[in-house]
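Please read the structure below before turning to the comments.
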Amino acid sequence: MAFTLPTAIESRPVAVIGGGTLGRRIALMFATRGGDVRIYDPSRAVGEQAAAFVAEHVADVAATVDGGRPGKASAHTEESAALAGAWLVVEAVPERLDLKKQVFARLDQDAEPDAILASNSSSYPTSQFIDGVAHPERVLNMHFYMPPQQVAVDLMSDGRTDRAVLDFLLRELPRYGVHPFEARKESTGFIFNRIWAAIKRESLAVVAEGVSTPRDVDRMWEINMGLKAGPFRMMDQVGLDVVLDIENHYAAENPHLPEGPRALLRRYVDAGHLGAKTGQGFYDDYRSPAA
């Protein structure tokens, strides 16, 4: 079924569903062209923290975007208020399939008829949670990494996404300072994350087996690759609960994956050490939980 693309997007808001670690960073990128971003989160505190994060960083980030200028973000505890008028809705809720199915069934019913519905899921293809969606032609994966530092974005069809939606986003997203790449067939982990998953999993295995430590692995990575952060520091930034959810999903698809990496992650998650957002993960040098 064909989809009518949204128009007048410069004067319409973007809605982000979920104000957590990635939700607020996605909101930040869409606030770089002077427009409005609405962040829905059932927790008033989380939503307000997300809006404050955007306000704190948007001027600096907008300055790096061609034609950029600071916009604004607002927090909402009523989803309908966040969705009203939005041309794009980006889901950034926890990585649980049942939850995403519920969210997308609701968004398909309540969002504007011409709104594009995108999932930031890091491991689930949207084809797996459109059971209750009447208009799958407007649904797709739009997976962000860790903006504004990492600004590549995966786009992937749900199998029924209108081709015009993908072409529209490939054209429009660079205006917000992000760089889209299309996964040309359904792929768990999209493009870069499939490669990153292998690096991450082997790093965890090396530590789980007692061969090395998180700090030594990271330091070797930094020296050899010339990068500022290694795999364990990056996992802390994402959130170890999120990393574990992703690894559990990969393991469900491939039972032959080793258990050691997931067991190591579970030790930290069970202790409440989720990384930067809780102040402690593989590293304990975070002054306070991350904004």
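We name chains A, B, ... following the order of the structure tokens; residues begin at 1 in each chain, and ligands are numbered from 1 as shown.
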Give me the residues of range 38-92 of chain A that have any atom at most 10 Å from an atom of range 167-177 of chain A; for each, the nearest atom pair and the distance in Å, rounded to one decimal. Use only C-alpha atoms, sort by chain and number, and format it as JSON lines.
{"residue": "A:Val61", "atom": "CA", "partner": "A:Gly177", "partner_atom": "CA", "distance": 8.6}
{"residue": "A:Ala62", "atom": "CA", "partner": "A:Gly177", "partner_atom": "CA", "distance": 8.2}
{"residue": "A:Thr64", "atom": "CA", "partner": "A:Gly177", "partner_atom": "CA", "distance": 7.6}
{"residue": "A:Val65", "atom": "CA", "partner": "A:Gly177", "partner_atom": "CA", "distance": 5.2}
{"residue": "A:Asp66", "atom": "CA", "partner": "A:Arg175", "partner_atom": "CA", "distance": 7.2}
{"residue": "A:Gly67", "atom": "CA", "partner": "A:Arg175", "partner_atom": "CA", "distance": 7.9}
{"residue": "A:Gly68", "atom": "CA", "partner": "A:Tyr176", "partner_atom": "CA", "distance": 7.6}
Convert the current residue selection to file output with N, CA and C atoms, as a compact mmCIF listing (two decimals), in the first residue's frame.
# COMPACT_ATOMS: atom_id res chain seq x y z
N VAL A 61 25.68 21.49 19.53
CA VAL A 61 25.51 20.50 18.48
C VAL A 61 24.95 21.13 17.21
N ALA A 62 24.01 22.05 17.34
CA ALA A 62 23.45 22.73 16.17
C ALA A 62 24.53 23.49 15.41
N THR A 64 27.38 22.50 14.75
CA THR A 64 28.14 21.56 13.91
C THR A 64 27.33 21.10 12.70
N VAL A 65 26.06 21.49 12.62
CA VAL A 65 25.17 21.05 11.54
C VAL A 65 25.05 22.17 10.50
N ASP A 66 25.22 21.82 9.24
CA ASP A 66 25.10 22.80 8.18
C ASP A 66 23.70 23.42 8.19
N GLY A 67 23.63 24.72 8.42
CA GLY A 67 22.34 25.39 8.48
C GLY A 67 21.60 25.19 9.80
N GLY A 68 22.28 24.65 10.78
CA GLY A 68 21.63 24.34 12.05
C GLY A 68 21.41 25.57 12.92
### Query
Quick one: residues within 6 Å of range 98-111 of chain A, only C-alpha atoms counted, chain neighbours fewer than 3 positions away excluded, as a ChimeraX atom specification?
/A:83,129,132-133
### Message
Just the number, please: distance in Å from CA of Pro42 in chain A to CA of Tyr268 in chain A, one decimal.
### Response
26.3 Å
### Message
Taking 3 positions as the minimum chain separation for residues in the same chain, which residues sit within 10 Å of Asn120 in chain A when counting only C-alpha atoms? Answer as a PyMOL selection string.
### Response
chain A and resi 16-17+22-23+26+90-95+123-126+140-145+153-155
Restrict the selected residues to C-alpha atoms and save them as a PDB file, in the first residue's frame.
ATOM      1  CA  VAL A  16      10.421  10.732  20.693  1.00  0.00           C
ATOM      2  CA  ILE A  17       8.843   7.953  22.758  1.00  0.00           C
ATOM      3  CA  LEU A  22      19.281   7.195  23.689  1.00  0.00           C
ATOM      4  CA  GLY A  23      15.874   8.851  23.560  1.00  0.00           C
ATOM      5  CA  ILE A  26      17.809  11.323  19.449  1.00  0.00           C
ATOM      6  CA  VAL A  90      10.802   7.639  16.990  1.00  0.00           C
ATOM      7  CA  GLU A  91      10.317   4.837  19.529  1.00  0.00           C
ATOM      8  CA  ALA A  92      13.146   4.504  22.064  1.00  0.00           C
ATOM      9  CA  VAL A  93      11.658   2.260  24.759  1.00  0.00           C
ATOM     10  CA  PRO A  94      13.408  -0.701  26.444  1.00  0.00           C
ATOM     11  CA  GLU A  95      14.453  -3.596  24.220  1.00  0.00           C
ATOM     12  CA  SER A 123      18.351  -5.714  17.617  1.00  0.00           C
ATOM     13  CA  TYR A 124      14.702  -6.347  16.717  1.00  0.00           C
ATOM     14  CA  PRO A 125      13.596  -5.801  13.112  1.00  0.00           C
ATOM     15  CA  THR A 126      10.289  -3.968  12.883  1.00  0.00           C
ATOM     16  CA  LEU A 140      10.666   1.054   9.715  1.00  0.00           C
ATOM     17  CA  ASN A 141      13.782   0.709  11.835  1.00  0.00           C
ATOM     18  CA  MET A 142      15.750   3.927  12.400  1.00  0.00           C
ATOM     19  CA  HIS A 143      18.568   2.804  14.629  1.00  0.00           C
ATOM     20  CA  PHE A 144      20.850   5.415  16.210  1.00  0.00           C
ATOM     21  CA  TYR A 145      24.171   4.657  17.873  1.00  0.00           C
ATOM     22  CA  VAL A 153      21.913   5.736  11.528  1.00  0.00           C
ATOM     23  CA  ASP A 154      20.670   2.393  10.192  1.00  0.00           C
ATOM     24  CA  LEU A 155      17.441   2.401   8.174  1.00  0.00           C
TER      25      LEU A 155
END
### Message
Using only C-alpha atoms, can you tell me which of A:Val58, A:Met234, A:Ala31, A:Val139 comes closest to Lys200 in chain A?
### Response
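Under the stated criterion, the closest residue is A:Met234.
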### Message
I'd like the neighbourhood of Gly260 in chain A as number ranges by chain, where a residue qualifies if any of its atoms comes within 8 Å (using only C-alpha atoms), though same-chain residues fewer than 3 positions away should be ignored.
### Response
A: 204-205, 208-209, 263-264
### Message
Calculated over only C-alpha atoms, which of the candidates A:Ile191, A:Val207, A:Ile9, A:Ala86 has the smallest distance to Val37 in chain A?
### Response
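Going through A:Ile191, A:Val207, A:Ile9, A:Ala86 one by one, the smallest distance to Val37 in chain A is for A:Ala86.
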